[in-house]
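Reviewing the structure listed below.
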Amino acid sequence: DTSLFIYNKSNTSILVLIYVDDIIVTSSSDEAITGLLNDLSAEFALKDLGDLHFFLGIEVKKHEDGLHLSQEKYVADPVRRVGLQGCKPSPTPLSSSEKLSLTEGDLLNQEDNTNYRSLVGALQYLTLTRPDISFVVNKVCRFLHAPTTVHWTAAKHIVGYVKNTMNLGLTFSKSSSTLVSAFSDSGRAGCIDGRRSTSGFAVFFGPNLISWCAKKQATVSRSSTEAGYKAHAKATAEIIWVQSMLRELGVKSTKAPRLWCGNLGATYLYANPVFHARTKHIEIDFHFVRERDANQQLEIRFVHFRYQVVDGFTRSLPTRSFEDFKRNLNLTKCD
């Protein structure tokens, strides 16, 4: 990450995260932080705001066992800006029966078109601490070029859900575990307009969610196995990046990362790599994941759909399933 600077010498480590003129500094030594700030102050105008409480719209609250990240203050502004303060509360960000397509509804007028884009952009930034809305925000982002009344209603529905859960955020708990694990799955042909599938993954470091994705695949998949391969390859690439970052931070793990796959056919083929006619055209994604497994750089396991963590990244869920989805992602309310 080009915004992260790392200093290691003797028993002292300093991490500096920079975004334009906002800086976060953490270290194993308070004296090291003081020395760094003094050195920077000699060259630049700095203002020390003390312990981290707020950064780029993200609120940081300490609790006994870790941190809670949320965007409660941030979300209030776009809701107010587009006049949706009275939006009806919703238990989920999108009805499980709602599919959304390009041709539904009438095109918005210029004012509502602008408001739609503004609101969807704000919701997209909100996904930094609200992975529970990643799937639906990805869906409404697909219609920015020509939003309709149906898409506008869907965006308002998301706002109704967010308003009802404004203090919800990610919890990061202390843990001695250094295991990197990921859950990956795909929703086949979920896009009505082009019949493309959706990839979803969640990467955990110990018990904590650190990376996730809900994204329409770039090409049409001819089978659920093919859609699964694409999703697993994307998750594997993210695992590799996370491992690289952890190595730079000096974090060592004695165990290979674990990938929990929701597609049984794909899992069988990783274990018994015999290509059939319907899978030959996806050899690259297959071999990318298979090679990591063969070299013991990745442990691939199948997970039953009842225990799949990323269902909410590949499709809209009914209320009860959606509550389980949020709990699995360590999303909690901050008092």
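Just so we're on the same page: first chain in the structure tokens is A, next is B, and so on; residues restart at 1 for each chain, and ligands are numbered from 1 in the order they show up.
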
- Message: Please list as a PyMOL selection string every residue within 10 Å of Ser321 in chain A, counting only C-alpha atoms and excluding residues in the same chain fewer than 5 positions away.
- Response: chain A and resi 306+311-312+316+326-327

- Can you list, as a PyMOL selection string, all residues belonging to range 41-280 of chain A that DSSP tags as helix (DSSP H, G or I)? chain A and resi 41+72-81+110-126+131-141+149-164+224-248+264-271+280

- For Asp132 in chain A, please output as a ChimeraX atom specification all residues within 9 Å (counting only C-alpha atoms; exclusion window: fewer than 5 positions along the same chain). /A:93,127,312-313,322,325-326,329,331

- Query: Which polymer residues have any atom within 8 Å of an atom of Gly160 in chain A, counting only C-alpha atoms, with same-chain residues fewer than 2 positions away left out, as a ChimeraX atom specification?
  - Reply: /A:87-90,93,156-158,162-164

Just write the chosen residues, N, CA and C atoms, as a PDB file, in the first residue's frame.
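Output saved as part-v4.pdb:
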ATOM      1  N   CYS A  87     -37.289   8.848   5.499  1.00  0.00           N
ATOM      2  CA  CYS A  87     -37.325   7.570   4.780  1.00  0.00           C
ATOM      3  C   CYS A  87     -37.760   6.448   5.729  1.00  0.00           C
ATOM      4  N   LYS A  88     -38.636   5.580   5.256  1.00  0.00           N
ATOM      5  CA  LYS A  88     -39.163   4.502   6.084  1.00  0.00           C
ATOM      6  C   LYS A  88     -38.065   3.510   6.467  1.00  0.00           C
ATOM      7  N   PRO A  89     -37.945   3.158   7.756  1.00  0.00           N
ATOM      8  CA  PRO A  89     -36.928   2.186   8.176  1.00  0.00           C
ATOM      9  C   PRO A  89     -37.152   0.825   7.513  1.00  0.00           C
ATOM     10  N   SER A  90     -36.061   0.144   7.184  1.00  0.00           N
ATOM     11  CA  SER A  90     -36.142  -1.162   6.529  1.00  0.00           C
ATOM     12  C   SER A  90     -35.281  -2.168   7.286  1.00  0.00           C
ATOM     13  N   PRO A  93     -31.395  -4.134   3.441  1.00  0.00           N
ATOM     14  CA  PRO A  93     -31.134  -3.085   2.449  1.00  0.00           C
ATOM     15  C   PRO A  93     -31.856  -3.284   1.123  1.00  0.00           C
ATOM     16  N   LYS A 156     -33.357   4.482  -2.067  1.00  0.00           N
ATOM     17  CA  LYS A 156     -34.039   4.982  -0.871  1.00  0.00           C
ATOM     18  C   LYS A 156     -34.242   3.859   0.141  1.00  0.00           C
ATOM     19  N   HIS A 157     -34.508   2.668  -0.364  1.00  0.00           N
ATOM     20  CA  HIS A 157     -34.684   1.512   0.517  1.00  0.00           C
ATOM     21  C   HIS A 157     -33.395   1.235   1.293  1.00  0.00           C
ATOM     22  N   ILE A 158     -32.262   1.356   0.621  1.00  0.00           N
ATOM     23  CA  ILE A 158     -30.969   1.175   1.296  1.00  0.00           C
ATOM     24  C   ILE A 158     -30.805   2.222   2.392  1.00  0.00           C
ATOM     25  N   VAL A 162     -30.059   1.807   6.336  1.00  0.00           N
ATOM     26  CA  VAL A 162     -28.889   2.426   6.965  1.00  0.00           C
ATOM     27  C   VAL A 162     -29.315   3.338   8.113  1.00  0.00           C
ATOM     28  N   LYS A 163     -30.395   4.101   7.913  1.00  0.00           N
ATOM     29  CA  LYS A 163     -30.889   4.990   8.978  1.00  0.00           C
ATOM     30  C   LYS A 163     -31.303   4.194  10.204  1.00  0.00           C
ATOM     31  N   ASN A 164     -31.793   2.994   9.973  1.00  0.00           N
ATOM     32  CA  ASN A 164     -32.255   2.144  11.064  1.00  0.00           C
ATOM     33  C   ASN A 164     -31.100   1.468  11.800  1.00  0.00           C
TER      34      ASN A 164
END

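Of the residues under consideration (A:Lys47, A:Leu52, A:Ala32, A:Leu94), A:Leu94 shows the shortest atom-to-atom contact distance to Leu317 in chain A when counting only C-alpha atoms.
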
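You can rank A:Leu264, A:Val120, A:Val180, A:Ala202 by their closest distance to His151 in chain A using only C-alpha atoms, and at the top of that list sits A:Val120.
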
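Nearest to Lys174 in chain A of all the residues A:Leu84, A:Leu36, A:Ile14, A:Leu67 is A:Leu67, counting only C-alpha atoms.
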
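Shortest atom-to-atom contact with Gln124 in chain A among A:Ser13, A:Asn138, A:Ser186, A:Ser197: A:Asn138, counting only C-alpha atoms.
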
- Note on the structure: Nearest to Glu59 in chain A, restricted to only C-alpha atoms and choosing among A:Ala189, A:Val203, A:Leu170, A:Cys213, comes out as A:Leu170

- What gap, in Å, lies between CA of Ser101 in chain A and CA of Glu226 in chain A? 23.4 Å

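Considering only C-alpha atoms, the residue among A:Asn208, A:Ser253, A:Asn115, A:Gln110 positioned nearest to Phe172 in chain A is A:Asn208.
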
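Between CA of Ala76 in chain A and CA of Tyr161 in chain A lies a distance of 12.7 Å.
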
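Take CA of His232 in chain A and CA of Gly200 in chain A: the distance between them is 8.8 Å.
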
- Task: Would you please extract all strand (DSSP E or B) residues from range 30-214 of chain A, as assigned by DSSP on the backbone, and give them as a PyMOL selection string?
- Result: chain A and resi 54-55+58-63+66-70+107+148+168-173+180-187+198-205+208-214
